[in-house]
Amino acid sequence: MRKTVKALAFGALAVGVALSAACTKNTGDSGTNKQAEAQKFIVDYKGETVTPAPEIEGAKSGGTMTVVQEADFEHLDPSQIYVSNALNYSQLFYRTLTTYIETGKEGDPTKLVGDLATNAGETTDGGKTWKYTLRDGLKYEDGSPILSKDIAYTVSRAFGPLGAQGPQFIQAALDANYGKDGGYTGPTADKPYAPGISTPDDKTIIFSFATPHLEVPYLVAFPTTAPIPAAKDTKEKYEREFVSSGPYKRKEYVAGTKLVLEKNPNWDPKTDPLRHQYVDQWVFDMTADPKAQTDRLTAATGPDAAAVMMDNVPPNSIPTVKGNAELMKRVFTGPNQYVYYLNINTTRVTDVDVRRALNYALDRDAYIKALGGPDVADPATTIQSPVLPSYKKFDVYPSLPDGHGDVEKAKKLLEGKTVPKLTFCTSNTTANQNVAAVLVESFKRAGFEITPKFIERSAYYTTIGVKGVDCDLMSSAWGQDYPDSNSVLGVLMDGTKIVAEGNNNYSYFNESTINDKLKTLREMQDRGAAAALYGDLDEQIMKDFAPVVPLRYGRNFTIAGPNVGGTFLNQYSQFNATSSYVKS
Amino acid sequence: MLRFFVKRALLAVLTLFAISVTVFVLFFMGPADPAASMCGSKACTMAQHEQIVKSLELDKSPVTQYASYMRGVFVGREIGSDSLKIKCEAPCLGVNFRTYEPVKDIIGRTLPITFSIVLGAAVVYVLFGTALGMISAIWRGSIFDRLAAGTALTFASTQIFFLGSLILLIFVYKTGWLPRPQYISPSTDFFGWIGGMLTPWIALGLINSASYSRFSRAQMIETLGEDYIRTARAKGLGMRAVYFRHALRAAITPIVTIAGIDIGGQLGGVAITETTFSLPGMGKTALGAVVSQNLPIVMAVVLFGAVFIVLSNVIVDMLYAVIDPRVKLGSSGR
């Protein structure tokens with residue numbers, strides 16, 4: 001089954017100015033295995049982005065686009081959406097305060113711009129207060145106006161149970177007591193809005209925070225700000241009875257089977273910097289597993305000629321696909337947002353040379369092969385993903401040219417030391433059992449004795465997130481939640497955030513010099529400058545402390561039908577929906 | 001007859017009670033944390049976890065949860081914490097832990113798909129298998145008999161995911177001779193329903209028909225050797241009447257038994273068939289629910305599966321009386 005990891009992929013980041021930063025673009029390059037390339041990123045604070053969105057070259061109107069997927073979306077309630085497939089396709093019917101514009105063309109910057117709002121946000125006090133002004137002429141599918149109070153209601157609603165499975169960032173930023181006794185728990189008659197939210201008029205919404213939050217323009221790009229008219233909030237049924245603010249609206253929804261979207265006549269392209277309405281109808285077929293998706297997109301007959309698959313081609317089917325030259329022209333590949341790590345519990349493995357030796361000893365070549373080969377993963381050497389703006393390419397523990405690691409260097413580092421016996425914890429899946437065997441053999445070459453410990457899958461992250469967990473090594477994956485390394489290094493490597501339970505810093509890495517640097521970077525108003533510094537910090541952490549062994553960067557390998565136009569794999573590792581059209 | 005039904009009904013209630021308790025016990029004895037599953041793969045914040053636990057009522061004891069579940073089945077109930085009360089009317093089978101969708105709605109939309117697959121395939125395998133077995137019995141020892149036995153053995157030793165994938169690859173994706181499997185309600189498009197169900201019917205029908213052909217062949221051969229058949233022949237009765245009116249009728253009783261049990265079992269979920277043909281029936285839904293620890297869905301599917309098995313047994317018993325007049329329901333002579 002496809003992963004539904006709660007993490008997003010984003011492009012690069014800068015504030016105010018275009019910066020040179022690393023970002024990945026998946027351009028459907030006929031199966032070539034290109035590494036991420038440098039890209040710029042712009043945040044449009046001034047509201048300079050034009051509306052309507054520029055026409056897509058060669059775009060045609062009409063037709064039905066089919067998205068073939070394995071199961072229903074995990075959530076379509078805007079307060080609960082947190083998985084990349086829903087983040088991508090919900091843009092067809094939800095608009096948010098800000099949004100990201102990508103063109104899919106190499107060299108073009110990714111932009112964070114105002115969507116419902118006129119710009120990416122205005123702050124005059126260093127990020128403690130953020131003001132958003134709505135565009136003119138915004139309407140719901142029934143023609144009623146979209147008002148600032150609707151957005152205030154939606155954000156406030158996310159503090160309650162209907163937001164519990166969605167992103168939690170803005171709730172935690174607005175209310176220091178969120179989730180604790182006395183914290184805000186959703187709209188009531190006497191407290192209609194969450195603390196810090198005000199709507200001085202129908203077109204203005206203001207967020208006030210106790211401390212600076214420079215990441216707010218990114219947080220309000222989540223569907224947490226997609227407006228819900230309070231009178232039409234059907235609560236738990238809103239998942240299936242949502243009201244559209246975007247170019248398409250619900251025509252038919254059979255949960256778990258099919259969602260059909262049709263054009264929303266009350267969406268005005270003149271108010272929208274991102275979306276198009278080329279396609280007459282979108283059909284989400286929720287019944288095909290990745291193998292069936294691959295078979296259907298390979299045949300691409302009937303409606304499937306204008307279809308895209310939501311998941312990746314299963315590793316077992318990749319050789320068949322690669323053997324079909326015609327089909328490969330419709331294959332889209334590229335790195336995705338996930339980085340997979342072997343976390344070294346620094347409270348148990350305290351000798352940095354032992355941690356370095358583990359980095360040298362890893363046989364990445366065998367590891368990648370065990371997962372399905374270079375079409376499904378790239379060897380990783382950094383903590384940050386290549387799709388992150390602050391990514392810096394480096395390899396402080398280089399392997400010998402054969403890709404099997406450098407066992408001699410590992411042994412040298414361990415000379416005169418008692419090599420500890422290590423427990424390797426991982427979740428109990430078939431893939432992980434294969435991987436565990438490879439890792440055990442890999443480290444054995446340098447003299448390590450590793451004992452795998454398989455933990456029940458659903459309890460895995462809860463278990464290893466407990467401070468004091470009795471694991472020396474732990475596998476994990478991470479994708480940034482928003483395009484700022486504060487969402488990667490700021491989460492994974494900040495020792496000040498270690499708590500009793502629910503940790504994401506699985507190395508339990510707590511180094512005061514690094515904590516200080518992370519604090520400095522987090523508080524920098526120029527996020528572009530911060531991005532460049534995060535890359536250096538990544539390298540320093542790996543070189544001086546080696547708290548993790550980076551294992552791999554995830555890759556996409558997916559197929560579109562021959563009649564699909566205007567699309568590319570975007571920051572969500574999905575086919576870009578807002579620019580898509582049917583060729584004939 | 002009445003006594004028979006009362007006994008059966010009581011047994012059914014006891015069976016369902018035992019199964020429901022077993023599912024609950026197994027669920028809570030295992031290392032399950034459904035709230036963590038709902039939180040996703042990253043470590044959940046404690047607040048988030050707590051909120052999900054409360055909204056799913058997982059903070060209550062298993063006994064309380066079971067009592068609440070059963071009360072919901074008969075009189076309905078309200079689910080959730082103070083900030084989100086979901087009204088679930090009787091017969092309430094709970095709500096999907098993830099989306100709060102009522103489980104009876106999920107059953108309502110997945111059951112017709114499973115029914116369509118199972119009943120359609122049953123028609124194929126019972127008719128085709130029995131006909132094949134009957135002809136083999138009549139032409140015992142002929143090339144046809146041997147060919148039929150070989151074919152039956154081949155299909156019997158084939159797995160649905162293999163045969164199904166092969167049918168899809170050749171007849172759907174390569175040649176386009178058969179329509180892509182999909183469920184269309186027969187009330188909206190009857191022929192569309194047949195078209196969408198053809199591939200699973202053929203695959204499941206072929207695999208299952210093997211055992212029916214072998215079984216009906218053996219039964220027919222045995223029946224054809226009975227004295228009363230010889231008498232019928234001796235009295236000059238036509239062969240067609242001998243085969244269909246006498247031999248087949250006697251041979252079909254055990255076939256009905258097996259078919260009843262097979263259909264009952266399959267209605268509980270033909271997960272592999274549904275997965276192979278991408279049909280979102282009860283089995284496929286249950287598989288997903290097991291992985292995500294969505295107890296109410298698992299519970300409902302297991303209970304429905306048990307109901308079908310119990311019901312199919314009752315129906316088989318009733319059919320006995322219709323097919324074979326020697327059988328009297330509830331008679332002390334049995």
# chains A, B, ... in the order shown; residues from 1 in each chain; ligands from 1
>>> residues_around(residues="region 258-262 of chain B", least_positions_apart="2", cutoff="9 Å", atoms="only C-alpha atoms", output="PyMOL selection string")
chain B and resi 122+126+212+254-256+264-267+309+312-313+315-316
>>> residues_around(residues="region 70-73 of chain A", least_positions_apart="3", cutoff="7 Å", atoms="only C-alpha atoms", output="list in words")
Leu76, Ala86, Ala255, Gly256, Thr257, Met286, Thr287, Ala288, Asp289 and Pro290 of chain A
>>> write_last_selection(atoms="N, CA and C atoms", output="PDB file, in the first residue's frame")
ATOM      1  N   LEU A  76     -10.769  14.472   3.426  1.00  0.00           N
ATOM      2  CA  LEU A  76     -11.025  15.617   2.550  1.00  0.00           C
ATOM      3  C   LEU A  76     -11.628  16.780   3.333  1.00  0.00           C
ATOM      4  N   ALA A  86      -3.921  14.305  -0.913  1.00  0.00           N
ATOM      5  CA  ALA A  86      -5.074  15.184  -0.679  1.00  0.00           C
ATOM      6  C   ALA A  86      -4.654  16.647  -0.737  1.00  0.00           C
ATOM      7  N   ALA A 255     -17.954   7.265  -1.198  1.00  0.00           N
ATOM      8  CA  ALA A 255     -16.749   7.118  -0.373  1.00  0.00           C
ATOM      9  C   ALA A 255     -16.090   5.767  -0.631  1.00  0.00           C
ATOM     10  N   GLY A 256     -14.791   5.794  -0.760  1.00  0.00           N
ATOM     11  CA  GLY A 256     -14.048   4.549  -0.958  1.00  0.00           C
ATOM     12  C   GLY A 256     -14.124   3.995  -2.360  1.00  0.00           C
ATOM     13  N   THR A 257     -14.869   4.634  -3.221  1.00  0.00           N
ATOM     14  CA  THR A 257     -15.040   4.099  -4.574  1.00  0.00           C
ATOM     15  C   THR A 257     -14.758   5.149  -5.649  1.00  0.00           C
ATOM     16  N   MET A 286     -11.038   5.092  -7.004  1.00  0.00           N
ATOM     17  CA  MET A 286     -10.313   4.739  -5.771  1.00  0.00           C
ATOM     18  C   MET A 286     -10.191   3.241  -5.556  1.00  0.00           C
ATOM     19  N   THR A 287     -10.125   2.476  -6.632  1.00  0.00           N
ATOM     20  CA  THR A 287     -10.211   1.025  -6.449  1.00  0.00           C
ATOM     21  C   THR A 287      -8.971   0.251  -6.904  1.00  0.00           C
ATOM     22  N   ALA A 288      -8.001   0.900  -7.512  1.00  0.00           N
ATOM     23  CA  ALA A 288      -6.908   0.144  -8.130  1.00  0.00           C
ATOM     24  C   ALA A 288      -5.623   0.226  -7.306  1.00  0.00           C
ATOM     25  N   ASP A 289      -5.092  -0.909  -6.933  1.00  0.00           N
ATOM     26  CA  ASP A 289      -3.817  -0.900  -6.209  1.00  0.00           C
ATOM     27  C   ASP A 289      -2.695  -0.520  -7.191  1.00  0.00           C
ATOM     28  N   PRO A 290      -1.485  -0.245  -6.675  1.00  0.00           N
ATOM     29  CA  PRO A 290      -0.424   0.239  -7.571  1.00  0.00           C
ATOM     30  C   PRO A 290      -0.172  -0.667  -8.779  1.00  0.00           C
TER      31      PRO A 290
END
>>> closest_atom_pairs(of="chain A", to="chain B", cutoff="8 Å", atoms="only C-alpha atoms", output="Markdown table")
| residue | atom | partner | partner_atom | distance |
| --- | --- | --- | --- | --- |
| A:Thr4 | CA | B:Gly40 | CA | 7.2 |
| A:Val5 | CA | B:Ser41 | CA | 5.3 |
| A:Lys6 | CA | B:Gly40 | CA | 6.0 |
| A:Glu74 | CA | B:Arg98 | CA | 7.5 |
| A:His75 | CA | B:Thr99 | CA | 6.8 |
| A:Gly160 | CA | B:Ser83 | CA | 6.8 |
| A:Pro161 | CA | B:Gln51 | CA | 6.1 |
| A:Leu162 | CA | B:Leu84 | CA | 7.9 |
| A:Ala164 | CA | B:Gln48 | CA | 5.4 |
| A:Gln165 | CA | B:Cys39 | CA | 5.6 |
| A:Tyr178 | CA | B:Ala47 | CA | 7.6 |
| A:Gly179 | CA | B:Ala47 | CA | 4.4 |
| A:Lys180 | CA | B:Ala47 | CA | 6.9 |
| A:Thr185 | CA | B:Ser83 | CA | 7.5 |
| A:Gly186 | CA | B:Ser83 | CA | 7.7 |
| A:Glu236 | CA | B:Tyr100 | CA | 6.0 |
| A:Lys237 | CA | B:Glu101 | CA | 7.2 |
| A:Glu239 | CA | B:Thr99 | CA | 7.0 |
| A:Gly256 | CA | B:Pro280 | CA | 7.2 |
| A:Thr257 | CA | B:Pro280 | CA | 6.6 |
| A:Thr287 | CA | B:Ser278 | CA | 5.0 |
| A:Ala288 | CA | B:Ser278 | CA | 4.9 |
| A:Asp289 | CA | B:Ser278 | CA | 6.8 |
| A:Ala292 | CA | B:Ser278 | CA | 7.2 |
| A:Asp295 | CA | B:Tyr173 | CA | 7.1 |
| A:Arg296 | CA | B:Tyr173 | CA | 7.0 |
| A:Ala299 | CA | B:Tyr173 | CA | 5.5 |
| A:Thr301 | CA | B:Tyr173 | CA | 7.9 |
| A:Glu456 | CA | B:Pro31 | CA | 7.2 |
| A:Ser458 | CA | B:Ser37 | CA | 5.5 |
| A:Ala459 | CA | B:Asp33 | CA | 6.4 |
| A:Tyr461 | CA | B:Ala43 | CA | 5.2 |
| A:Thr462 | CA | B:Ala43 | CA | 5.7 |
| A:Gly465 | CA | B:Ala43 | CA | 6.4 |
| A:Trp478 | CA | B:Lys42 | CA | 7.9 |
| A:Glu501 | CA | B:Met46 | CA | 7.4 |
| A:Gly502 | CA | B:Ala43 | CA | 5.2 |
| A:Asn503 | CA | B:Ala43 | CA | 6.3 |
| A:Asn504 | CA | B:Ala43 | CA | 6.1 |
>>> residues_around(residues="region 409-420 of chain A", least_positions_apart="6", cutoff="10 Å", atoms="only C-alpha atoms", output="ChimeraX atom specification")
/A:348-349,351-362,397-399,443,445-450,472
>>> select_by_dssp(residues="region 70-295 of chain B", states="alpha helix (DSSP H)", output="VMD selection string")
chain B and resid 70 to 75 103 to 138 143 to 156 160 to 167 190 to 224 227 to 234 239 to 241 249 to 267 271 to 276 282 to 291 295
>>> residues_around(residues="region 371-385 of chain A", least_positions_apart="2", cutoff="7 Å", atoms="only C-alpha atoms", output="list in words")
Pro315, Gln337, Tyr338, Val339, Arg364, Tyr367, Ile368, Lys369, Val387, Leu388, Tyr391, Phe394, Asp395, Val488, Asp538, Pro550, Leu551, Arg552, Tyr553, Gly554, Arg555 and Asn556 of chain A
>>> write_last_selection(atoms="C-alpha atoms", output="PDB file, in the first residue's frame")
ATOM      1  CA  PRO A 315       9.306  -2.090  -7.698  1.00  0.00           C
ATOM      2  CA  GLN A 337      10.657  14.587  -0.163  1.00  0.00           C
ATOM      3  CA  TYR A 338      11.479  11.661   2.084  1.00  0.00           C
ATOM      4  CA  VAL A 339      14.856  10.907   3.589  1.00  0.00           C
ATOM      5  CA  ARG A 364      24.510   1.444   0.732  1.00  0.00           C
ATOM      6  CA  TYR A 367      20.807  -1.580   0.998  1.00  0.00           C
ATOM      7  CA  ILE A 368      19.457   0.150  -2.138  1.00  0.00           C
ATOM      8  CA  LYS A 369      19.344  -3.180  -3.979  1.00  0.00           C
ATOM      9  CA  VAL A 387      14.145  18.841  -2.565  1.00  0.00           C
ATOM     10  CA  LEU A 388      14.689  21.210   0.346  1.00  0.00           C
ATOM     11  CA  TYR A 391      19.966  21.261   0.791  1.00  0.00           C
ATOM     12  CA  PHE A 394      28.169  16.679   0.816  1.00  0.00           C
ATOM     13  CA  ASP A 395      29.474  13.302   1.870  1.00  0.00           C
ATOM     14  CA  VAL A 488      13.759  19.304   9.249  1.00  0.00           C
ATOM     15  CA  ASP A 538      23.708  19.866   8.232  1.00  0.00           C
ATOM     16  CA  PRO A 550      21.543   8.809   6.195  1.00  0.00           C
ATOM     17  CA  LEU A 551      20.274   5.825   4.224  1.00  0.00           C
ATOM     18  CA  ARG A 552      18.373   6.932   1.157  1.00  0.00           C
ATOM     19  CA  TYR A 553      16.355   9.613  -0.595  1.00  0.00           C
ATOM     20  CA  GLY A 554      12.996   8.379  -1.852  1.00  0.00           C
ATOM     21  CA  ARG A 555      12.214   8.430  -5.589  1.00  0.00           C
ATOM     22  CA  ASN A 556       9.084   8.654  -7.685  1.00  0.00           C
TER      23      ASN A 556
END
>>> atom_distance(atom1="CA of Thr188 (chain A)", atom2="CA of Pro227 (chain A)")
17.6 Å
>>> closest_residue(among="B:Phe24, B:Leu58, B:Leu224, B:Val314", to="Met239 (chain B)", atoms="only C-alpha atoms")
B:Leu224
>>> atom_distance(atom1="CA of Val548 (chain A)", atom2="CA of Leu219 (chain A)")
28.0 Å
>>> decode(residues="region 159-170 of chain B", atoms="C-alpha atoms", output="PDB file, in the first residue's frame")
ATOM      1  CA  GLN B 159      -4.734 -19.288  -7.357  1.00  0.00           C
ATOM      2  CA  ILE B 160      -7.196 -16.486  -7.977  1.00  0.00           C
ATOM      3  CA  PHE B 161      -4.495 -13.803  -7.972  1.00  0.00           C
ATOM      4  CA  PHE B 162      -2.659 -15.693 -10.715  1.00  0.00           C
ATOM      5  CA  LEU B 163      -5.607 -16.641 -12.906  1.00  0.00           C
ATOM      6  CA  GLY B 164      -7.274 -13.272 -12.297  1.00  0.00           C
ATOM      7  CA  SER B 165      -4.145 -11.326 -13.230  1.00  0.00           C
ATOM      8  CA  LEU B 166      -3.698 -13.506 -16.323  1.00  0.00           C
ATOM      9  CA  ILE B 167      -7.285 -12.906 -17.453  1.00  0.00           C
ATOM     10  CA  LEU B 168      -6.900  -9.188 -16.860  1.00  0.00           C
ATOM     11  CA  LEU B 169      -3.605  -9.012 -18.708  1.00  0.00           C
ATOM     12  CA  ILE B 170      -4.722 -10.977 -21.763  1.00  0.00           C
TER      13      ILE B 170
END
